[in-house]
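Text of the file start02.txt, holding compact mmCIF, C-alpha atoms:
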# COMPACT_ATOMS: atom_id res chain seq x y z
CA MET G 180 -79.91 -71.78 33.88
CA LYS G 181 -81.48 -73.59 30.97
CA GLN G 182 -78.96 -75.48 28.91
CA ALA G 183 -80.34 -74.72 25.47
CA LEU G 184 -78.84 -73.02 22.46
CA ALA G 185 -80.83 -71.61 19.55
CA ALA G 186 -79.08 -70.91 16.28
CA LEU G 187 -80.19 -69.91 12.81
CA ALA G 188 -78.50 -70.48 9.49
CA LEU G 189 -79.65 -67.35 7.69
CA ALA G 190 -79.83 -67.83 3.93
CA ALA G 191 -76.50 -69.47 3.03
CA SER G 192 -74.53 -68.01 5.90
CA PRO G 193 -74.75 -69.61 9.37
CA ALA G 194 -74.95 -67.16 12.27
CA LEU G 195 -75.38 -67.50 16.02
CA ALA G 196 -78.71 -65.97 17.00
CA GLN G 197 -79.61 -64.19 20.20
CA ASP G 198 -81.14 -66.97 22.26
CA HIS G 199 -83.06 -64.91 24.83
CA VAL G 200 -84.32 -61.43 25.63
CA GLU G 201 -84.51 -60.16 29.21
CA VAL G 202 -87.57 -58.22 30.32
CA SER G 203 -89.04 -57.07 33.61
CA GLY G 204 -92.33 -58.65 34.60
CA ALA G 205 -95.04 -60.23 32.47
CA LEU G 206 -95.67 -59.12 28.89
CA SER G 207 -98.78 -58.42 26.88
CA ASP G 208 -99.68 -61.04 24.30
CA ASP G 209 -98.38 -58.80 21.50
CA ALA G 210 -95.05 -58.20 23.23
CA PHE G 211 -94.61 -61.86 24.20
CA TYR G 212 -95.26 -63.04 20.66
CA ARG G 213 -92.83 -60.57 19.11
CA LEU G 214 -90.14 -61.52 21.64
CA VAL G 215 -90.34 -65.28 21.08
CA ALA G 216 -90.93 -65.02 17.30
CA CYS G 217 -88.34 -62.41 16.34
CA ALA G 218 -86.36 -61.46 19.49
CA ALA G 219 -87.99 -58.04 19.74
CA PRO G 220 -87.29 -56.32 23.05
CA LEU G 221 -90.21 -54.56 24.72
CA GLY G 222 -91.16 -51.68 22.44
CA GLY G 223 -88.28 -52.45 20.06
CA ASP G 224 -87.68 -53.85 16.61
CA CYS G 225 -87.19 -57.48 15.64
CA GLN G 226 -83.64 -58.73 16.03
CA LYS G 227 -84.28 -61.89 13.96
CA PRO G 228 -86.43 -62.58 10.93
CA MET G 229 -89.82 -64.16 11.56
CA VAL G 230 -89.68 -67.60 9.98
CA ARG G 231 -92.28 -70.33 9.47
CA TRP G 232 -92.47 -73.75 7.88
CA LYS G 233 -94.06 -73.60 4.45
CA ASN G 234 -95.66 -77.05 4.78
CA HIS G 235 -96.66 -76.49 8.40
CA SER G 236 -99.93 -78.42 8.16
CA ALA G 237 -98.02 -81.69 7.60
CA LEU G 238 -94.62 -81.50 9.33
CA THR G 239 -92.68 -84.68 10.02
CA LEU G 240 -90.18 -85.60 12.73
CA TRP G 241 -87.52 -88.28 12.35
CA VAL G 242 -85.86 -89.65 15.48
CA ALA G 243 -82.39 -91.12 15.01
CA PRO G 244 -81.65 -94.49 16.60
CA LEU G 245 -80.54 -93.93 20.17
CA PRO G 246 -76.92 -94.70 21.13
CA LYS G 247 -76.25 -97.40 23.72
CA ALA G 248 -75.81 -94.71 26.38
CA PHE G 249 -79.56 -94.02 26.17
CA LEU G 250 -80.85 -97.58 26.17
CA GLY G 251 -83.11 -98.73 28.97
CA GLY G 252 -84.92 -96.20 31.11
CA LYS G 253 -83.55 -93.22 29.22
CA ALA G 254 -84.85 -94.53 25.91
CA LYS G 255 -88.34 -95.13 27.29
CA ARG G 256 -88.41 -91.68 28.89
CA ALA G 257 -87.12 -90.07 25.68
CA GLN G 258 -89.79 -91.67 23.49
CA ALA G 259 -92.51 -90.82 25.99
CA SER G 260 -91.36 -87.18 26.06
CA ILE G 261 -91.48 -87.01 22.25
CA SER G 262 -94.99 -88.47 22.10
CA LEU G 263 -96.26 -86.12 24.81
CA ALA G 264 -94.71 -83.07 23.13
CA LEU G 265 -96.20 -83.92 19.74
CA LYS G 266 -99.62 -84.43 21.32
CA ALA G 267 -99.44 -81.12 23.17
CA LEU G 268 -98.41 -79.15 20.08
CA ASN G 269 -101.00 -80.80 17.86
CA GLU G 270 -103.75 -79.91 20.33
CA VAL G 271 -102.93 -76.18 20.58
CA GLY G 272 -105.36 -75.21 17.82
CA ALA G 273 -102.68 -73.74 15.57
CA ASN G 274 -102.59 -74.63 11.88
CA VAL G 275 -99.64 -76.94 12.40
CA SER G 276 -99.36 -80.71 12.54
CA LEU G 277 -96.41 -82.85 13.61
CA THR G 278 -96.10 -86.59 13.10
CA GLU G 279 -93.21 -89.03 13.38
CA THR G 280 -91.76 -90.61 10.26
CA SER G 281 -89.30 -93.44 9.68
CA GLN G 282 -87.90 -91.70 6.60
CA ARG G 283 -84.92 -89.53 7.53
CA ASP G 284 -84.49 -87.92 4.11
CA ALA G 285 -88.11 -86.83 3.92
CA ALA G 286 -88.30 -85.47 7.48
CA ASP G 287 -88.65 -81.76 8.15
CA ILE G 288 -87.15 -81.99 11.64
CA LYS G 289 -84.47 -84.48 12.68
CA LEU G 290 -83.92 -85.37 16.33
CA PHE G 291 -80.66 -86.80 17.65
CA PHE G 292 -79.86 -88.04 21.14
CA LEU G 293 -76.05 -87.91 21.05
CA ASP G 294 -73.50 -89.71 23.22
CA ILE G 295 -71.69 -86.38 23.55
CA PRO G 296 -71.55 -84.07 26.61
CA ARG G 297 -72.72 -80.47 26.52
CA GLY G 298 -70.03 -78.09 25.36
CA ALA G 299 -68.38 -80.64 23.06
CA PRO G 300 -68.43 -80.30 19.25
CA ILE G 301 -71.46 -81.88 17.61
CA SER G 302 -70.63 -84.90 15.46
CA GLY G 303 -72.34 -87.80 13.80
CA THR G 304 -75.38 -86.09 12.29
CA GLY G 305 -74.00 -86.07 8.76
CA LEU G 306 -75.15 -82.46 8.41
CA ALA G 307 -72.33 -80.08 7.50
CA TRP G 308 -74.22 -77.04 8.83
CA VAL G 309 -74.61 -78.71 12.24
CA ASP G 310 -71.52 -80.87 12.92
CA GLY G 311 -68.63 -79.06 14.54
CA SER G 312 -70.62 -76.45 16.45
CA PRO G 313 -70.89 -76.67 20.26
CA LEU G 314 -73.62 -78.78 21.81
CA GLY G 315 -75.82 -77.41 24.58
CA GLY G 316 -77.77 -79.56 26.99
CA ALA G 317 -80.36 -79.45 24.22
CA THR G 318 -79.87 -77.53 21.00
CA THR G 319 -82.27 -76.53 18.23
CA ARG G 320 -80.90 -75.40 14.89
CA LEU G 321 -82.82 -74.18 11.88
CA GLN G 322 -81.80 -73.53 8.32
CA VAL G 323 -83.91 -70.73 6.87
CA ASN G 324 -84.42 -68.49 3.89
CA ALA G 325 -84.58 -65.19 5.71
CA ASP G 326 -85.76 -63.24 2.65
CA LYS G 327 -88.81 -65.45 2.26
CA GLY G 328 -89.32 -66.01 5.99
CA GLN G 329 -89.24 -69.77 5.47
CA ILE G 330 -87.71 -72.57 7.52
CA LEU G 331 -85.96 -75.04 5.24
CA ASP G 332 -84.63 -77.62 7.68
CA GLY G 333 -84.59 -78.26 11.41
CA VAL G 334 -82.48 -80.28 13.82
CA ILE G 335 -82.83 -80.95 17.55
CA LEU G 336 -79.87 -82.40 19.44
CA VAL G 337 -79.79 -83.70 23.01
CA SER G 338 -76.59 -84.26 25.00
CA ASN G 339 -75.81 -87.38 27.03
CA ASP G 340 -75.70 -85.44 30.29
CA LEU G 341 -79.14 -83.87 30.11
CA ARG G 342 -80.90 -85.18 33.21
CA ILE G 343 -83.66 -87.66 32.53
CA HIS G 344 -86.21 -85.72 34.59
CA SER G 345 -85.74 -82.80 32.18
CA TYR G 346 -86.67 -84.75 29.04
CA GLU G 347 -90.38 -83.83 28.98
CA GLY G 348 -89.87 -80.11 29.43
CA VAL G 349 -86.87 -79.91 27.12
CA MET G 350 -88.52 -81.86 24.32
CA LEU G 351 -91.62 -79.66 24.44
CA GLU G 352 -89.48 -76.53 24.39
CA GLU G 353 -87.19 -77.64 21.59
CA LEU G 354 -90.06 -78.72 19.34
CA THR G 355 -91.81 -75.41 20.03
CA GLN G 356 -88.64 -73.58 19.04
CA ALA G 357 -88.27 -75.75 15.95
CA LEU G 358 -91.60 -74.33 14.77
CA GLY G 359 -89.98 -70.90 14.57
CA LEU G 360 -90.35 -69.49 18.09
CA MET G 361 -86.59 -69.41 18.59
CA THR G 362 -86.11 -66.88 21.40
CA ASP G 363 -86.54 -67.50 25.12
CA VAL G 364 -87.91 -64.89 27.50
CA LYS G 365 -85.81 -64.14 30.58
CA SER G 366 -88.09 -62.90 33.34
CA ASN G 367 -89.05 -64.19 36.76
CA ALA G 368 -92.67 -63.86 35.67
CA TYR G 369 -92.24 -66.78 33.24
CA VAL G 370 -90.24 -69.20 35.39
CA GLY G 371 -92.41 -72.28 35.84
CA VAL G 372 -95.04 -70.77 33.54
CA SER G 373 -93.71 -70.86 29.97
CA VAL G 374 -91.75 -73.54 28.14
CA LEU G 375 -89.91 -70.62 26.52
CA SER G 376 -88.62 -69.30 29.84
CA GLN G 377 -84.83 -68.98 29.78
CA ASP G 378 -84.54 -70.13 33.38
CA GLY G 379 -85.51 -73.69 34.21
CA ASN G 380 -86.57 -76.56 31.98
CA ARG G 381 -89.08 -78.47 34.08
CA VAL G 382 -92.26 -76.91 32.64
CA LYS G 383 -94.03 -79.90 31.11
CA ALA G 384 -97.06 -78.10 29.65
CA LEU G 385 -97.45 -75.18 27.28
CA GLY G 386 -98.40 -71.96 29.04
CA ALA G 387 -101.31 -69.80 27.92
CA GLN G 388 -99.03 -67.38 26.09
CA ASP G 389 -97.02 -70.23 24.54
CA LYS G 390 -100.26 -71.50 22.98
CA MET G 391 -101.23 -68.00 21.92
CA ALA G 392 -97.86 -67.48 20.22
CA LEU G 393 -98.17 -70.75 18.30
CA ARG G 394 -101.66 -69.82 17.10
CA ARG G 395 -100.43 -66.40 15.99
CA HIS G 396 -97.47 -67.93 14.18
CA TYR G 397 -99.70 -70.48 12.46
CA PRO G 398 -103.22 -68.98 12.48
CA PRO G 399 -106.05 -71.52 12.48
CA ASN G 400 -107.96 -71.84 9.23
Could you show the structure in this file as structure tokens?
Amino acid sequence: MKQALAALALAASPALAQDHVEVSGALSDDAFYRLVACAAPLGGDCQKPMVRWKNHSALTLWVAPLPKAFLGGKAKRAQASISLALKALNEVGANVSLTETSQRDAADIKLFFLDIPRGAPISGTGLAWVDGSPLGGATTRLQVNADKGQILDGVILVSNDLRIHSYEGVMLEELTQALGLMTDVKSNAYVGVSVLSQDGNRVKALGAQDKMALRRHYPPN
């Protein structure tokens, strides 16, 4: 079972969002996109608003200094996983660009590796809409304006007990979700195929439908 939690803060009121939808078998491109973008079950209506970054062609990611628990091999693996994920997403062909920044206050997405185990309350981010809620193995949270369909702020948090061999897959998934594709698909057809599969987190490359969904969410110019 993937240890990931997706939550939305809708308008001014935080709410826990459905983090996956279960289906039988593989989906058409249309059905897959609607599921991951707005939690629509097969043939059903959206269960979440579709949200996108307004300044998607120049998004920035700030990585908080790593705690001592991550120094050494973990830190090197973490940075490598971030670089690989950014490269993969920037090469999809979607009208979206992600680069690292050293300026926390100006960053669209903030990434924290926390010396906190999964299940414990999040602390230390300095963000009132994040601290205090439970931490998954890896957690992505977005603050959005649902009426306008816009993402206002994004945070990715990684627990201290996420296994190091999972970093690459988890980082690629969480950054994909931070772009607005916030719902996982639960189906045996996507295990080992999609980074947005609910089961397993060792997929280290975007699947064909993952790339398609990103291009639909941010159509190329």
What are the nearest atom pairs, with distances in Å to one decimal, for all residues of range 227-273 of chain G that come at most 9 Å from range 325-340 of chain G, using only C-alpha atoms, set out by chain and rising residue number as JSON lines?
{"residue": "G:Lys227", "atom": "CA", "partner": "G:Ala325", "partner_atom": "CA", "distance": 8.9}
{"residue": "G:Pro228", "atom": "CA", "partner": "G:Ala325", "partner_atom": "CA", "distance": 6.1}
{"residue": "G:Met229", "atom": "CA", "partner": "G:Gly328", "partner_atom": "CA", "distance": 5.9}
{"residue": "G:Val230", "atom": "CA", "partner": "G:Gly328", "partner_atom": "CA", "distance": 4.3}
{"residue": "G:Arg231", "atom": "CA", "partner": "G:Gln329", "partner_atom": "CA", "distance": 5.1}
{"residue": "G:Trp232", "atom": "CA", "partner": "G:Ile330", "partner_atom": "CA", "distance": 4.9}
{"residue": "G:Lys233", "atom": "CA", "partner": "G:Gln329", "partner_atom": "CA", "distance": 6.2}
{"residue": "G:Ala248", "atom": "CA", "partner": "G:Asn339", "partner_atom": "CA", "distance": 7.4}
{"residue": "G:Phe249", "atom": "CA", "partner": "G:Asn339", "partner_atom": "CA", "distance": 7.7}
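With only C-alpha atoms as the atoms that count, the residue of G:Leu314, G:Leu351, G:Ile261, G:Cys225 with the shortest distance to Val242 in chain G is G:Ile261.
Each of G:Gln282, G:Asn324, G:Gln226, G:Ser276 was compared to Thr362 in chain G using only C-alpha atoms, and G:Gln226 turns out to be the nearest.
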Which one is closest to Tyr369 in chain G: G:Asp198, G:Leu341, G:Met350, G:Ser203? Count all atoms listed in the file.
G:Ser203
Could you please determine the separation between CA of Ala392 in chain G and CA of Tyr212 in chain G in Å, to one decimal place?
5.2 Å
Nearest-residue call for Lys247 in chain G, choices G:Leu293, G:Ala286, G:Ala299, G:Leu263, using only C-alpha atoms:
G:Leu293
Taking into account all atoms listed in the file, which residue in the set G:Ala273, G:Ala205, G:Ala237, G:Leu354 is nearest to Arg320 in chain G?
G:Leu354
Using only C-alpha atoms, determine which residues lie at most 9 Å from Gly311 in chain G, disregarding the query and same-chain residues fewer than 3 positions distant; provide the list as a list in words.
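Listing them by chain and then by number gives Ala299, Pro300, Ile301, Ser302, Ala307, Trp308 and Leu314 of chain G.
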Here is a test: counting all atoms listed in the file, which residue of G:Ala243, G:Ala257, G:Ala387, G:Val275 is nearest to Gly305 in chain G?
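Of G:Ala243, G:Ala257, G:Ala387, G:Val275, the one nearest Gly305 in chain G, counting all atoms listed in the file, is G:Ala243.
CA of Leu221 in chain G is positioned 9.6 Å from CA of Ser207 in chain G.
Taking CA of Val382 in chain G and CA of Arg283 in chain G as endpoints, the distance between them is 29.0 Å.
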Please, can range 289-315 of chain G be completed to N, CA, C and O atoms and returned as a short mmCIF file (atom, residue, chain, number, x, y, z; two decimals), keeping the file's coordinate frame?
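Heads up, here's the output in part-v2.cif:
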data_model
loop_
_atom_site.label_atom_id
_atom_site.label_comp_id
_atom_site.auth_asym_id
_atom_site.auth_seq_id
_atom_site.Cartn_x
_atom_site.Cartn_y
_atom_site.Cartn_z
N LYS G 289 -85.21 -83.28 12.29
CA LYS G 289 -84.47 -84.48 12.68
C LYS G 289 -84.03 -84.33 14.14
O LYS G 289 -83.54 -83.28 14.54
N LEU G 290 -84.21 -85.39 14.90
CA LEU G 290 -83.92 -85.37 16.33
C LEU G 290 -82.85 -86.40 16.65
O LEU G 290 -82.99 -87.58 16.33
N PHE G 291 -81.78 -85.93 17.29
CA PHE G 291 -80.66 -86.80 17.65
C PHE G 291 -80.42 -86.75 19.15
O PHE G 291 -80.24 -85.67 19.73
N PHE G 292 -80.40 -87.92 19.79
CA PHE G 292 -79.86 -88.04 21.14
C PHE G 292 -78.41 -88.50 20.94
O PHE G 292 -78.17 -89.59 20.41
N LEU G 293 -77.46 -87.67 21.35
CA LEU G 293 -76.05 -87.91 21.05
C LEU G 293 -75.28 -88.36 22.29
O LEU G 293 -75.50 -87.83 23.39
N ASP G 294 -74.38 -89.29 22.12
CA ASP G 294 -73.50 -89.71 23.22
C ASP G 294 -72.32 -88.75 23.29
O ASP G 294 -71.16 -89.14 23.14
N ILE G 295 -72.66 -87.48 23.51
CA ILE G 295 -71.69 -86.38 23.55
C ILE G 295 -72.11 -85.45 24.69
O ILE G 295 -73.30 -85.15 24.82
N PRO G 296 -71.18 -84.98 25.52
CA PRO G 296 -71.55 -84.07 26.61
C PRO G 296 -71.77 -82.65 26.11
O PRO G 296 -71.26 -82.26 25.05
N ARG G 297 -72.52 -81.88 26.86
CA ARG G 297 -72.72 -80.47 26.52
C ARG G 297 -71.38 -79.76 26.46
O ARG G 297 -70.45 -80.06 27.22
N GLY G 298 -71.27 -78.84 25.53
CA GLY G 298 -70.03 -78.09 25.36
C GLY G 298 -69.09 -78.69 24.34
O GLY G 298 -68.21 -78.00 23.82
N ALA G 299 -69.25 -79.98 24.04
CA ALA G 299 -68.38 -80.64 23.06
C ALA G 299 -68.87 -80.36 21.65
O ALA G 299 -70.04 -80.01 21.44
N PRO G 300 -68.00 -80.50 20.64
CA PRO G 300 -68.43 -80.30 19.25
C PRO G 300 -69.44 -81.37 18.83
O PRO G 300 -69.28 -82.54 19.16
N ILE G 301 -70.47 -80.95 18.13
CA ILE G 301 -71.46 -81.88 17.61
C ILE G 301 -70.82 -82.73 16.51
O ILE G 301 -70.07 -82.22 15.68
N SER G 302 -71.13 -84.01 16.52
CA SER G 302 -70.63 -84.90 15.46
C SER G 302 -71.62 -86.03 15.24
O SER G 302 -72.44 -86.34 16.11
N GLY G 303 -71.55 -86.62 14.06
CA GLY G 303 -72.34 -87.80 13.80
C GLY G 303 -73.70 -87.57 13.17
O GLY G 303 -74.41 -88.54 12.90
N THR G 304 -74.06 -86.32 12.90
CA THR G 304 -75.38 -86.09 12.29
C THR G 304 -75.32 -86.23 10.77
O THR G 304 -76.35 -86.43 10.12
N GLY G 305 -74.13 -86.05 10.21
CA GLY G 305 -74.00 -86.07 8.76
C GLY G 305 -74.45 -84.79 8.10
O GLY G 305 -74.57 -84.71 6.87
N LEU G 306 -74.70 -83.75 8.91
CA LEU G 306 -75.15 -82.46 8.41
C LEU G 306 -74.03 -81.44 8.57
O LEU G 306 -73.66 -81.08 9.68
N ALA G 307 -73.50 -80.96 7.46
CA ALA G 307 -72.33 -80.08 7.50
C ALA G 307 -72.64 -78.77 8.23
O ALA G 307 -71.74 -78.17 8.84
N TRP G 308 -73.88 -78.31 8.19
CA TRP G 308 -74.22 -77.04 8.83
C TRP G 308 -74.48 -77.19 10.33
O TRP G 308 -74.72 -76.21 11.02
N VAL G 309 -74.39 -78.44 10.82
CA VAL G 309 -74.61 -78.71 12.24
C VAL G 309 -73.34 -79.23 12.91
O VAL G 309 -72.92 -78.74 13.96
N ASP G 310 -72.71 -80.25 12.31
CA ASP G 310 -71.52 -80.87 12.92
C ASP G 310 -70.41 -79.85 13.10
O ASP G 310 -70.15 -79.02 12.22
N GLY G 311 -69.75 -79.94 14.25
CA GLY G 311 -68.63 -79.06 14.54
C GLY G 311 -68.97 -77.91 15.46
O GLY G 311 -68.08 -77.36 16.11
N SER G 312 -70.23 -77.54 15.55
CA SER G 312 -70.62 -76.45 16.45
C SER G 312 -70.84 -77.01 17.86
O SER G 312 -71.06 -78.21 18.03
N PRO G 313 -70.78 -76.17 18.90
CA PRO G 313 -70.89 -76.67 20.26
C PRO G 313 -72.29 -77.16 20.60
O PRO G 313 -73.29 -76.57 20.16
N LEU G 314 -72.36 -78.20 21.40
CA LEU G 314 -73.62 -78.78 21.81
C LEU G 314 -74.03 -78.23 23.17
O LEU G 314 -73.24 -78.21 24.10
N GLY G 315 -75.28 -77.78 23.28
CA GLY G 315 -75.82 -77.41 24.58
C GLY G 315 -76.41 -78.63 25.25
O GLY G 315 -76.30 -79.75 24.75
#
